[in-house]
Structures are given as C-alpha cells and as structure tokens.
file model_25.cif (mmCIF, C-alpha atoms and all ligand atoms)
data_start
loop_
_atom_site.label_atom_id
_atom_site.label_comp_id
_atom_site.auth_asym_id
_atom_site.auth_seq_id
_atom_site.Cartn_x
_atom_site.Cartn_y
_atom_site.Cartn_z
CA MET A 1 111.56 -125.04 188.01
CA LYS A 2 115.39 -125.13 188.28
CA ILE A 3 117.15 -123.77 185.21
CA LEU A 4 120.10 -125.92 184.13
CA ILE A 5 123.02 -124.29 182.35
CA THR A 6 124.76 -126.60 179.90
CA PRO A 7 127.93 -125.15 178.35
CA SER A 8 128.73 -126.72 174.98
CA ILE A 9 132.39 -127.56 174.31
CA LEU A 10 132.04 -126.79 170.60
CA SER A 11 133.40 -123.27 171.23
CA ALA A 12 136.12 -124.39 173.67
CA ASP A 13 139.84 -124.44 172.82
CA PHE A 14 140.25 -128.09 171.80
CA GLY A 15 144.00 -127.77 172.34
CA ARG A 16 143.32 -127.31 176.07
CA LEU A 17 140.01 -129.16 176.41
CA GLN A 18 140.53 -130.45 179.96
CA ALA A 19 141.53 -126.99 181.22
CA GLU A 20 138.52 -125.48 179.44
CA VAL A 21 136.17 -127.95 181.10
CA ASP A 22 137.85 -127.38 184.49
CA SER A 23 137.19 -123.63 184.07
CA ILE A 24 133.41 -124.07 183.93
CA GLU A 25 132.94 -127.14 186.11
CA PRO A 26 132.29 -125.30 189.41
CA PHE A 27 129.52 -123.17 187.87
CA ALA A 28 127.75 -125.31 185.24
CA ASP A 29 125.12 -128.04 185.63
CA TRP A 30 125.71 -130.24 182.57
CA LEU A 31 128.33 -130.33 179.79
CA GLN A 32 127.18 -130.66 176.19
CA LEU A 33 129.15 -132.67 173.64
CA ASP A 34 128.29 -131.44 170.15
CA VAL A 35 128.83 -134.54 168.03
CA MET A 36 128.78 -133.61 164.33
CA ASP A 37 129.35 -136.02 161.42
CA GLY A 38 129.83 -133.57 158.51
CA HIS A 39 126.80 -135.22 156.87
CA PHE A 40 123.65 -134.37 158.83
CA VAL A 41 125.34 -131.02 159.53
CA PRO A 42 128.12 -129.50 157.37
CA ASN A 43 130.63 -129.41 160.23
CA LEU A 44 132.74 -132.27 161.60
CA SER A 45 133.51 -132.06 165.33
CA PHE A 46 134.50 -135.09 167.44
CA GLY A 47 133.32 -138.47 168.69
CA ALA A 48 133.64 -140.61 171.80
CA PRO A 49 137.38 -141.32 171.22
CA VAL A 50 138.03 -137.66 172.02
CA VAL A 51 135.49 -136.91 174.72
CA LYS A 52 136.24 -140.09 176.66
CA TRP A 53 139.44 -138.35 177.83
CA ILE A 54 137.55 -135.50 179.50
CA LYS A 55 137.60 -135.86 183.29
CA THR A 56 134.66 -134.05 184.88
CA LYS A 57 131.97 -134.52 187.51
CA LEU A 58 129.54 -132.69 185.24
CA PRO A 59 126.82 -134.90 183.73
CA LEU A 60 127.60 -135.36 180.02
CA ASP A 61 124.91 -134.48 177.47
CA ALA A 62 125.63 -135.92 174.01
CA HIS A 63 123.87 -133.98 171.25
CA LEU A 64 124.12 -136.30 168.25
CA MET A 65 123.99 -134.18 165.11
CA VAL A 66 124.58 -137.26 163.01
CA SER A 67 122.72 -139.14 160.27
CA ASN A 68 122.93 -142.52 162.00
CA PRO A 69 122.51 -141.94 165.75
CA SER A 70 121.88 -145.63 166.52
CA GLU A 71 125.47 -146.36 165.41
CA ARG A 72 126.82 -143.96 168.06
CA ILE A 73 124.91 -145.23 171.09
CA LYS A 74 127.32 -148.03 172.00
CA GLU A 75 130.44 -145.83 172.08
CA PHE A 76 128.63 -143.10 173.99
CA SER A 77 127.28 -145.55 176.52
CA ALA A 78 130.91 -146.35 177.36
CA ILE A 79 131.41 -142.77 178.53
CA HIS A 80 128.34 -142.91 180.78
CA CYS A 81 126.39 -139.94 179.41
CA LYS A 82 123.61 -138.45 181.54
CA ASN A 83 121.58 -137.71 178.41
CA ILE A 84 121.78 -138.61 174.71
CA THR A 85 119.76 -136.61 172.18
CA PHE A 86 119.08 -137.57 168.56
CA HIS A 87 117.48 -135.47 165.81
CA ALA A 88 113.87 -135.99 164.71
CA GLU A 89 114.94 -135.18 161.14
CA VAL A 90 117.06 -138.33 160.79
CA VAL A 91 114.83 -140.89 162.57
CA LYS A 92 111.31 -140.46 161.20
CA GLU A 93 109.57 -143.79 161.83
CA THR A 94 107.83 -143.99 165.21
CA SER A 95 109.00 -147.58 165.73
CA ALA A 96 112.61 -146.59 164.99
CA ARG A 97 112.35 -143.62 167.34
CA LYS A 98 110.97 -145.79 170.14
CA LYS A 99 113.71 -148.40 169.61
CA LEU A 100 116.38 -145.69 169.74
CA ILE A 101 114.87 -144.22 172.92
CA GLU A 102 114.90 -147.71 174.44
CA ASP A 103 118.51 -148.33 173.38
CA ILE A 104 119.59 -144.97 174.81
CA ARG A 105 117.85 -145.75 178.11
CA LYS A 106 119.57 -149.15 178.26
CA THR A 107 122.90 -147.29 178.48
CA GLY A 108 121.67 -145.61 181.67
CA ALA A 109 121.19 -142.26 179.91
CA THR A 110 117.99 -140.30 179.52
CA ALA A 111 116.72 -139.91 175.95
CA GLY A 112 116.19 -136.61 174.15
CA ILE A 113 114.84 -135.68 170.74
CA ALA A 114 115.94 -132.49 168.94
CA LEU A 115 114.00 -130.30 166.53
CA ASN A 116 115.69 -128.03 163.99
CA PRO A 117 114.13 -124.56 163.67
CA ALA A 118 112.22 -125.56 160.53
CA THR A 119 110.81 -128.75 162.07
CA PRO A 120 107.30 -128.27 163.51
CA LEU A 121 106.33 -129.61 166.93
CA ASP A 122 103.80 -132.05 165.49
CA GLU A 123 106.72 -133.92 163.89
CA VAL A 124 107.45 -135.38 167.34
CA GLU A 125 103.85 -135.82 168.48
CA ASP A 126 104.40 -139.60 168.35
CA VAL A 127 107.18 -139.71 170.95
CA VAL A 128 107.02 -136.49 172.93
CA ARG A 129 105.43 -138.42 175.84
CA GLU A 130 108.18 -141.07 175.70
CA VAL A 131 111.28 -138.87 175.80
CA ASP A 132 112.90 -137.28 178.86
CA LEU A 133 113.98 -134.12 177.03
CA VAL A 134 113.05 -132.11 173.95
CA LEU A 135 115.79 -129.94 172.47
CA VAL A 136 114.37 -126.98 170.56
CA MET A 137 117.20 -125.71 168.34
CA SER A 138 117.35 -121.91 168.08
CA VAL A 139 119.90 -122.04 165.25
CA VAL A 140 120.35 -124.31 162.25
CA PRO A 141 122.78 -126.81 163.76
CA GLY A 142 126.39 -127.08 162.64
CA PHE A 143 128.28 -124.13 164.06
CA GLY A 144 128.62 -122.17 167.28
CA GLY A 145 128.32 -118.38 167.45
CA GLN A 146 125.20 -118.08 165.30
CA LYS A 147 122.28 -115.67 165.86
CA PHE A 148 119.34 -116.79 168.02
CA MET A 149 116.14 -117.43 166.02
CA PRO A 150 113.27 -116.04 168.15
CA GLU A 151 110.60 -117.65 165.98
CA VAL A 152 111.27 -121.00 167.69
CA LEU A 153 110.11 -119.63 171.07
CA GLU A 154 106.51 -120.42 170.15
CA LYS A 155 107.42 -124.12 170.02
CA VAL A 156 108.80 -123.85 173.55
CA ARG A 157 105.67 -122.08 174.79
CA GLN A 158 103.42 -124.75 173.26
CA LEU A 159 105.54 -127.58 174.67
CA ARG A 160 105.61 -126.06 178.16
CA SER A 161 101.86 -125.48 178.24
CA LYS A 162 101.18 -129.11 177.24
CA PHE A 163 103.95 -130.79 179.27
CA PRO A 164 104.59 -128.88 182.53
CA GLY A 165 107.15 -131.41 183.78
CA LEU A 166 109.15 -131.90 180.56
CA MET A 167 112.86 -130.97 180.34
CA ILE A 168 112.91 -128.42 177.52
CA GLN A 169 116.38 -127.52 176.30
CA MET A 170 117.29 -124.68 173.94
CA ASP A 171 120.54 -124.53 172.01
CA GLY A 172 121.96 -121.89 169.71
CA GLY A 173 122.66 -118.20 170.18
CA ILE A 174 121.95 -118.33 173.92
CA ASP A 175 123.38 -115.30 175.75
CA SER A 176 122.28 -113.24 178.77
CA LYS A 177 119.54 -111.56 176.69
CA THR A 178 118.14 -114.52 174.74
CA ALA A 179 118.35 -116.70 177.87
CA LYS A 180 115.68 -114.50 179.45
CA SER A 181 113.33 -115.03 176.47
CA ALA A 182 114.02 -118.76 176.51
CA ILE A 183 113.26 -119.09 180.23
CA ARG A 184 110.14 -116.92 179.92
CA ALA A 185 108.90 -119.19 177.12
CA GLY A 186 109.41 -122.24 179.34
CA ALA A 187 112.89 -123.64 178.62
CA ASN A 188 114.62 -125.05 181.71
CA ASN A 189 117.92 -126.22 180.25
CA LEU A 190 120.04 -123.74 178.28
CA VAL A 191 122.98 -124.74 176.09
CA ALA A 192 125.57 -122.04 175.48
CA GLY A 193 128.89 -122.37 173.67
CA ASN A 194 130.23 -119.08 172.42
CA PHE A 195 128.75 -116.99 175.23
CA VAL A 196 130.52 -119.08 177.87
CA PHE A 197 133.78 -120.13 176.22
CA GLY A 198 134.15 -116.84 174.33
CA THR A 199 134.81 -114.93 177.54
CA PRO A 200 137.57 -115.21 180.20
CA ASP A 201 135.03 -114.77 183.04
CA ARG A 202 133.07 -117.99 182.67
CA LYS A 203 131.57 -117.79 186.14
CA ALA A 204 129.98 -114.43 185.37
CA ALA A 205 128.78 -115.65 181.96
CA ILE A 206 127.08 -118.73 183.42
CA GLU A 207 125.54 -116.75 186.28
CA SER A 208 124.18 -114.17 183.83
CA LEU A 209 122.42 -117.00 181.97
CA ARG A 210 120.73 -118.03 185.21
CA GLY A 211 119.49 -114.50 185.49
CA SER A 212 121.54 -113.80 188.58
C1 LIG A 301 124.79 -126.53 166.86
C2 LIG A 301 125.50 -126.55 168.18
C3 LIG A 301 125.65 -125.14 168.77
C4 LIG A 301 126.39 -125.10 170.08
C5 LIG A 301 126.13 -123.83 170.86
O1 LIG A 301 125.24 -125.60 166.05
O2 LIG A 301 124.70 -127.33 169.02
O3 LIG A 301 124.36 -124.64 168.90
O4 LIG A 301 125.96 -126.15 170.88
O5 LIG A 301 126.41 -122.76 170.04
P1 LIG A 301 126.38 -121.22 170.51
O6 LIG A 301 127.79 -120.74 170.33
O7 LIG A 301 125.40 -120.57 169.60
O8 LIG A 301 125.94 -121.16 171.96
#
call {"tool": "encode", "arguments": {"input": "model_25.cif", "output": "structure tokens", "more": "lines below"}}
Ligand code: DX5
result
Amino acid sequence: MKILITPSILSADFGRLQAEVDSIEPFADWLQLDVMDGHFVPNLSFGAPVVKWIKTKLPLDAHLMVSNPSERIKEFSAIHCKNITFHAEVVKETSARKKLIEDIRKTGATAGIALNPATPLDEVEDVVREVDLVLVMSVVPGFGGQKFMPEVLEKVRQLRSKFPGLMIQMDGGIDSKTAKSAIRAGANNLVAGNFVFGTPDRKAAIESLRGS
C-alpha cells in the first residue's frame, strides 16, 4: 500500500507561507491544514481566508479541530479540498455524523473522522464503513512538536486488520522513528509538521518518513 506523506503547515513560518509550501511541494503527497478554533483545542490557528491564498498542486487536507465543523464546510469547499476531516468528539450522533459526511462529499472532498488518543475505536463503529479516512491522533491535538503517544498504535492495528482498504492517517509526533512504527501498525498516510518544517532539508525529512 502506498504511504502518503502529508506535511502539516502548522509548524511552517506563516510569514512566508507560500515559500514554505513551495519548499515541500516536489516531495510531499498531500498538504494538511490544521484548522483550530481555540475552543475544541486551546490553540487558534487559521481558517479558509488565509489558506485560500496558498497556491499549490498538492491536494489539500483540512483537519478541522473545531467545535462546529458543519459551519466550516462551505468555506472549505470553496478552496477545493481533497479531504476534510472532523473530530468524533464534537459530532456524536450517528445521524449528524452521516449528514456531515454527506455534506463534505457534496463539496467534492473525501470525508475523514478523527479520534483523539483517549477516544476508543468503538466510538466510531457507527460510521467507520462510511468514511474515506480515519485519522488516529498520536498527540492530544492543539500544538505541533509534541511527543508521539505509542499507545494509540493498537487502534491502528485493529483498524487495519478489520478494514484492509481504509486510508488510515496518523498525526502528531511523527518523525523518521515513529513513522516506522506507524507504518508497521498499518497507517498509510502520515502527517508531520515539526519534523518537516523544523529542518532546512525538507526533501530528506520527507524521504526519511517514507522509509527511504
Ligand atoms: C494537532 C496538529 C499537529 C500537527 C502536526 O496538534 O494536528 O499534530 O498537525 O504536529 P507535529 O509537529 O507533531 O508533526
């Protein structure tokens, strides 16, 4: 299964965002937009009014760390995201989850659901067969540069054994070492912020995540 590397712009220099994206574009597969509302997570990052100015051929992956994801879909559909992920912790009703998945798909994006480290897999039992991607967080969301939490790997292993074709993304503390554990557990889409944007040699950083 191809491993996708998805740098997250959270750790990029926002004063030179286009140049930062240009520096990883030739080597990355997707680009993750860490949208934080300062409510679901303690940090406040950016919304569509900022990211709409980014010019890139990379597919955009909006990770909505927000309390009301349905309110964000319209503005993110305008920037033609490849994927839009919401958090299981803020949309708990199955009917609401299915409506959100449908609304995301109507924008032309695939739909993902994210699980914080403390959220068990069975919390998403109701929609895991409906989504295109499950994001297993390996840090408590809100900030880049945190330490990888290996205890979440079991969730990835269980997901992979039940759903061989599912896109399983991991996000948080991914570096050349933890990437190996993530891939071995069954993740096939790795989000990395600090490890990629924290080094001048982004090509080498991204290639080391692929295991090359
Ligand atoms: C939630 C964010 C971060 C970011 C990647 O905190 O989603 O996980 O994308 O962060 P690092 O720097 O850990 O790769």
call {"tool": "residues_near_point", "arguments": {"input": "model_25.cif", "point": "(127.4, -149.4, 172.2)", "cutoff": "12 Å", "atoms": "all atoms listed in the file", "output": "number ranges by chain"}}
result
A: 48, 69-81, 100, 103-108
call {"tool": "atom_distance", "arguments": {"input": "model_25.cif", "atom1": "atom CA of Ser138 of chain A", "atom2": "atom O2 of ligand LIG 301 (chain A)"}}
result
9.2 Å
call {"tool": "residues_around", "arguments": {"input": "model_25.cif", "residues": "Glu123 of chain A", "least_positions_apart": "6", "cutoff": "12 Å", "atoms": "all atoms listed in the file", "output": "list in words"}}
result
His87, Ala88, Glu89, Val90, Val91, Lys92, Glu93, Thr94, Arg97, Ile113, Ala114, Leu115, Asn116, Pro117 and Lys155 of chain A
call {"tool": "atom_distance", "arguments": {"input": "model_25.cif", "atom1": "atom CA of Trp53 of chain A", "atom2": "atom CA of Leu31 of chain A"}}
result
13.8 Å
call {"tool": "closest_residue", "arguments": {"input": "model_25.cif", "among": "A:Gly211, A:Gly186, A:Pro42, A:Gly47", "to": "ligand LIG 301 (chain A)", "atoms": "only C-alpha atoms and all ligand atoms"}}
result
A:Pro42
call {"tool": "residues_near_ligand", "arguments": {"input": "model_25.cif", "ligand": "ligand LIG 301 (chain A)", "cutoff": "7 Å", "atoms": "all atoms listed in the file", "output": "list in words"}}
result
Ser8, Leu10, Ser11, Asp34, Val139, Val140, Pro141, Gly142, Phe143, Gly144, Gly145, Gln146, Lys147, Asp171, Gly172, Gly173, Ile174, Val191, Ala192, Gly193, Asn194 and Phe195 of chain A
call {"tool": "residues_near_point", "arguments": {"input": "model_25.cif", "point": "(109.1, -121.8, 177.3)", "cutoff": "6 Å", "atoms": "all atoms listed in the file", "output": "PyMOL selection string"}}
result
chain A and resi 156-157+160+182-187
call {"tool": "residues_around", "arguments": {"input": "model_25.cif", "residues": "Leu166 of chain A", "least_positions_apart": "2", "cutoff": "9 Å", "atoms": "all atoms listed in the file", "output": "VMD selection string"}}
result
chain A and resid 129 131 to 134 159 to 160 163 to 164 168 188
call {"tool": "closest_residue", "arguments": {"input": "model_25.cif", "among": "A:Gly198, A:Pro49, A:Pro7, A:Pro59", "to": "Thr110 of chain A", "atoms": "all atoms listed in the file"}}
result
A:Pro59
call {"tool": "axis_aligned_box", "arguments": {"input": "model_25.cif", "around": "segment 37-44 of chain A", "padding_each_side": "4 Å", "output": "AutoDock Vina command-line options"}}
result
--center_x 128.2 --center_y -132.7 --center_z 159.2 --size_x 17.1 --size_y 14.6 --size_z 12.7
call {"tool": "atom_distance", "arguments": {"input": "model_25.cif", "atom1": "atom CA of Phe197 of chain A", "atom2": "atom CA of Asn68 of chain A"}}
result
28.7 Å
call {"tool": "closest_residue", "arguments": {"input": "model_25.cif", "among": "A:Ile5, A:Met65, A:Val50, A:Ala179", "to": "Ile24 of chain A", "atoms": "all atoms listed in the file"}}
result
A:Ile5
call {"tool": "residues_around", "arguments": {"input": "model_25.cif", "residues": "Ala109 of chain A", "least_positions_apart": "6", "cutoff": "7 Å", "atoms": "only C-alpha atoms", "output": "list in words"}}
result
Cys81, Lys82, Asn83 and Ile84 of chain A
call {"tool": "closest_residue", "arguments": {"input": "model_25.cif", "among": "A:His39, A:Arg16, A:His63, A:Lys2", "to": "Met137 of chain A", "atoms": "all atoms listed in the file"}}
result
A:His63
call {"tool": "closest_residue", "arguments": {"input": "model_25.cif", "among": "A:Ala62, A:Leu17, A:Val136, A:Val41", "to": "Ala111 of chain A", "atoms": "all atoms listed in the file"}}
result
A:Ala62
call {"tool": "closest_residue", "arguments": {"input": "model_25.cif", "among": "A:Glu154, A:Asp126, A:Asp61, A:Val196", "to": "Ser181 of chain A", "atoms": "all atoms listed in the file"}}
result
A:Glu154
call {"tool": "decode", "arguments": {"input": "model_25.cif", "residues": "segment 133-165 of chain A", "atoms": "N, CA, C and O atoms", "output": "JSON list (two decimals), in the first residue's frame"}}
result
[["chain", "number", "residue", "atom", "x", "y", "z"],
["A", 133, "LEU", "N", -11.57, 8.02, 5.33],
["A", 133, "LEU", "CA", -10.30, 8.12, 6.06],
["A", 133, "LEU", "C", -10.60, 8.16, 7.56],
["A", 133, "LEU", "O", -11.57, 8.79, 7.99],
["A", 134, "VAL", "N", -9.75, 7.47, 8.32],
["A", 134, "VAL", "CA", -9.80, 7.62, 9.78],
["A", 134, "VAL", "C", -8.46, 8.19, 10.21],
["A", 134, "VAL", "O", -7.40, 7.68, 9.84],
["A", 135, "LEU", "N", -8.53, 9.29, 10.96],
["A", 135, "LEU", "CA", -7.31, 9.92, 11.47],
["A", 135, "LEU", "C", -7.14, 9.53, 12.93],
["A", 135, "LEU", "O", -7.98, 9.89, 13.78],
["A", 136, "VAL", "N", -6.11, 8.75, 13.21],
["A", 136, "VAL", "CA", -5.81, 8.34, 14.58],
["A", 136, "VAL", "C", -4.76, 9.31, 15.12],
["A", 136, "VAL", "O", -3.59, 9.30, 14.69],
["A", 137, "MET", "N", -5.19, 10.21, 16.03],
["A", 137, "MET", "CA", -4.28, 11.21, 16.59],
["A", 137, "MET", "C", -3.29, 10.53, 17.52],
["A", 137, "MET", "O", -3.68, 9.73, 18.39],
["A", 138, "SER", "N", -2.00, 10.87, 17.35],
["A", 138, "SER", "CA", -0.97, 10.32, 18.25],
["A", 138, "SER", "C", -0.43, 11.39, 19.20],
["A", 138, "SER", "O", 0.61, 11.21, 19.82],
["A", 139, "VAL", "N", -1.17, 12.50, 19.27],
["A", 139, "VAL", "CA", -0.96, 13.52, 20.31],
["A", 139, "VAL", "C", -2.35, 14.08, 20.64],
["A", 139, "VAL", "O", -3.29, 13.93, 19.86],
["A", 140, "VAL", "N", -2.42, 14.76, 21.79],
["A", 140, "VAL", "CA", -3.66, 15.48, 22.09],
["A", 140, "VAL", "C", -3.62, 16.73, 21.19],
["A", 140, "VAL", "O", -2.64, 17.50, 21.25],
["A", 141, "PRO", "N", -4.61, 16.92, 20.34],
["A", 141, "PRO", "CA", -4.49, 17.97, 19.33],
["A", 141, "PRO", "C", -4.42, 19.38, 19.92],
["A", 141, "PRO", "O", -4.95, 19.63, 21.00],
["A", 142, "GLY", "N", -3.75, 20.26, 19.20],
["A", 142, "GLY", "CA", -3.69, 21.67, 19.60],
["A", 142, "GLY", "C", -2.36, 22.31, 19.28],
["A", 142, "GLY", "O", -2.30, 23.50, 18.98],
["A", 143, "PHE", "N", -1.29, 21.50, 19.33],
["A", 143, "PHE", "CA", 0.02, 22.10, 19.11],
["A", 143, "PHE", "C", 0.93, 21.14, 18.34],
["A", 143, "PHE", "O", 0.81, 19.91, 18.50],
["A", 144, "GLY", "N", 1.83, 21.70, 17.54],
["A", 144, "GLY", "CA", 2.83, 20.87, 16.88],
["A", 144, "GLY", "C", 3.98, 20.60, 17.84],
["A", 144, "GLY", "O", 4.05, 21.18, 18.93],
["A", 145, "GLY", "N", 4.87, 19.70, 17.46],
["A", 145, "GLY", "CA", 6.09, 19.45, 18.23],
["A", 145, "GLY", "C", 5.90, 18.66, 19.50],
["A", 145, "GLY", "O", 6.77, 18.63, 20.37],
["A", 146, "GLN", "N", 4.75, 17.98, 19.63],
["A", 146, "GLN", "CA", 4.53, 17.17, 20.85],
["A", 146, "GLN", "C", 5.10, 15.77, 20.69],
["A", 146, "GLN", "O", 5.43, 15.36, 19.57],
["A", 147, "LYS", "N", 5.13, 15.00, 21.78],
["A", 147, "LYS", "CA", 5.71, 13.65, 21.77],
["A", 147, "LYS", "C", 4.67, 12.61, 21.30],
["A", 147, "LYS", "O", 3.52, 12.64, 21.75],
["A", 148, "PHE", "N", 5.09, 11.73, 20.44],
["A", 148, "PHE", "CA", 4.26, 10.65, 19.91],
["A", 148, "PHE", "C", 3.76, 9.77, 21.05],
["A", 148, "PHE", "O", 4.53, 9.42, 21.93],
["A", 149, "MET", "N", 2.48, 9.38, 21.00],
["A", 149, "MET", "CA", 1.89, 8.54, 22.05],
["A", 149, "MET", "C", 1.72, 7.12, 21.49],
["A", 149, "MET", "O", 0.74, 6.82, 20.81],
["A", 150, "PRO", "N", 2.68, 6.21, 21.79],
["A", 150, "PRO", "CA", 2.66, 4.88, 21.15],
["A", 150, "PRO", "C", 1.43, 4.04, 21.48],
["A", 150, "PRO", "O", 1.07, 3.13, 20.74],
["A", 151, "GLU", "N", 0.76, 4.38, 22.58],
["A", 151, "GLU", "CA", -0.41, 3.58, 22.97],
["A", 151, "GLU", "C", -1.52, 3.62, 21.93],
["A", 151, "GLU", "O", -2.40, 2.75, 21.90],
["A", 152, "VAL", "N", -1.50, 4.59, 21.03],
["A", 152, "VAL", "CA", -2.59, 4.64, 20.03],
["A", 152, "VAL", "C", -2.33, 3.67, 18.87],
["A", 152, "VAL", "O", -3.24, 3.42, 18.06],
["A", 153, "LEU", "N", -1.14, 3.10, 18.81],
["A", 153, "LEU", "CA", -0.82, 2.19, 17.69],
["A", 153, "LEU", "C", -1.76, 0.99, 17.64],
["A", 153, "LEU", "O", -2.10, 0.48, 16.57],
["A", 154, "GLU", "N", -2.24, 0.58, 18.81],
["A", 154, "GLU", "CA", -3.15, -0.59, 18.86],
["A", 154, "GLU", "C", -4.43, -0.29, 18.09],
["A", 154, "GLU", "O", -4.99, -1.14, 17.39],
["A", 155, "LYS", "N", -4.88, 0.97, 18.15],
["A", 155, "LYS", "CA", -6.09, 1.35, 17.39],
["A", 155, "LYS", "C", -5.82, 1.20, 15.89],
["A", 155, "LYS", "O", -6.69, 0.73, 15.14],
["A", 156, "VAL", "N", -4.62, 1.58, 15.49],
["A", 156, "VAL", "CA", -4.28, 1.47, 14.06],
["A", 156, "VAL", "C", -4.25, 0.01, 13.64],
["A", 156, "VAL", "O", -4.80, -0.37, 12.60],
["A", 157, "ARG", "N", -3.63, -0.83, 14.47],
["A", 157, "ARG", "CA", -3.54, -2.26, 14.16],
["A", 157, "ARG", "C", -4.95, -2.86, 14.03],
["A", 157, "ARG", "O", -5.25, -3.58, 13.06],
["A", 158, "GLN", "N", -5.83, -2.51, 14.97],
["A", 158, "GLN", "CA", -7.19, -3.07, 14.92],
["A", 158, "GLN", "C", -7.93, -2.59, 13.67],
["A", 158, "GLN", "O", -8.59, -3.36, 12.97],
["A", 159, "LEU", "N", -7.77, -1.30, 13.37],
["A", 159, "LEU", "CA", -8.45, -0.74, 12.18],
["A", 159, "LEU", "C", -7.96, -1.44, 10.92],
["A", 159, "LEU", "O", -8.75, -1.85, 10.06],
["A", 160, "ARG", "N", -6.65, -1.58, 10.80],
["A", 160, "ARG", "CA", -6.06, -2.17, 9.59],
["A", 160, "ARG", "C", -6.51, -3.64, 9.44],
["A", 160, "ARG", "O", -6.82, -4.06, 8.31],
["A", 161, "SER", "N", -6.59, -4.34, 10.55],
["A", 161, "SER", "CA", -6.95, -5.77, 10.41],
["A", 161, "SER", "C", -8.42, -5.90, 9.99],
["A", 161, "SER", "O", -8.79, -6.79, 9.25],
["A", 162, "LYS", "N", -9.26, -4.94, 10.40],
["A", 162, "LYS", "CA", -10.68, -5.03, 10.04],
["A", 162, "LYS", "C", -10.98, -4.42, 8.67],
["A", 162, "LYS", "O", -11.91, -4.85, 7.98],
["A", 163, "PHE", "N", -10.21, -3.37, 8.30],
["A", 163, "PHE", "CA", -10.51, -2.63, 7.07],
["A", 163, "PHE", "C", -9.25, -2.51, 6.22],
["A", 163, "PHE", "O", -8.59, -1.47, 6.23],
["A", 164, "PRO", "N", -8.89, -3.57, 5.48],
["A", 164, "PRO", "CA", -7.62, -3.58, 4.73],
["A", 164, "PRO", "C", -7.47, -2.43, 3.73],
["A", 164, "PRO", "O", -6.37, -2.00, 3.44],
["A", 165, "GLY", "N", -8.59, -1.92, 3.22],
["A", 165, "GLY", "CA", -8.50, -0.90, 2.17],
["A", 165, "GLY", "C", -8.67, 0.53, 2.68],
["A", 165, "GLY", "O", -8.63, 1.49, 1.90]]
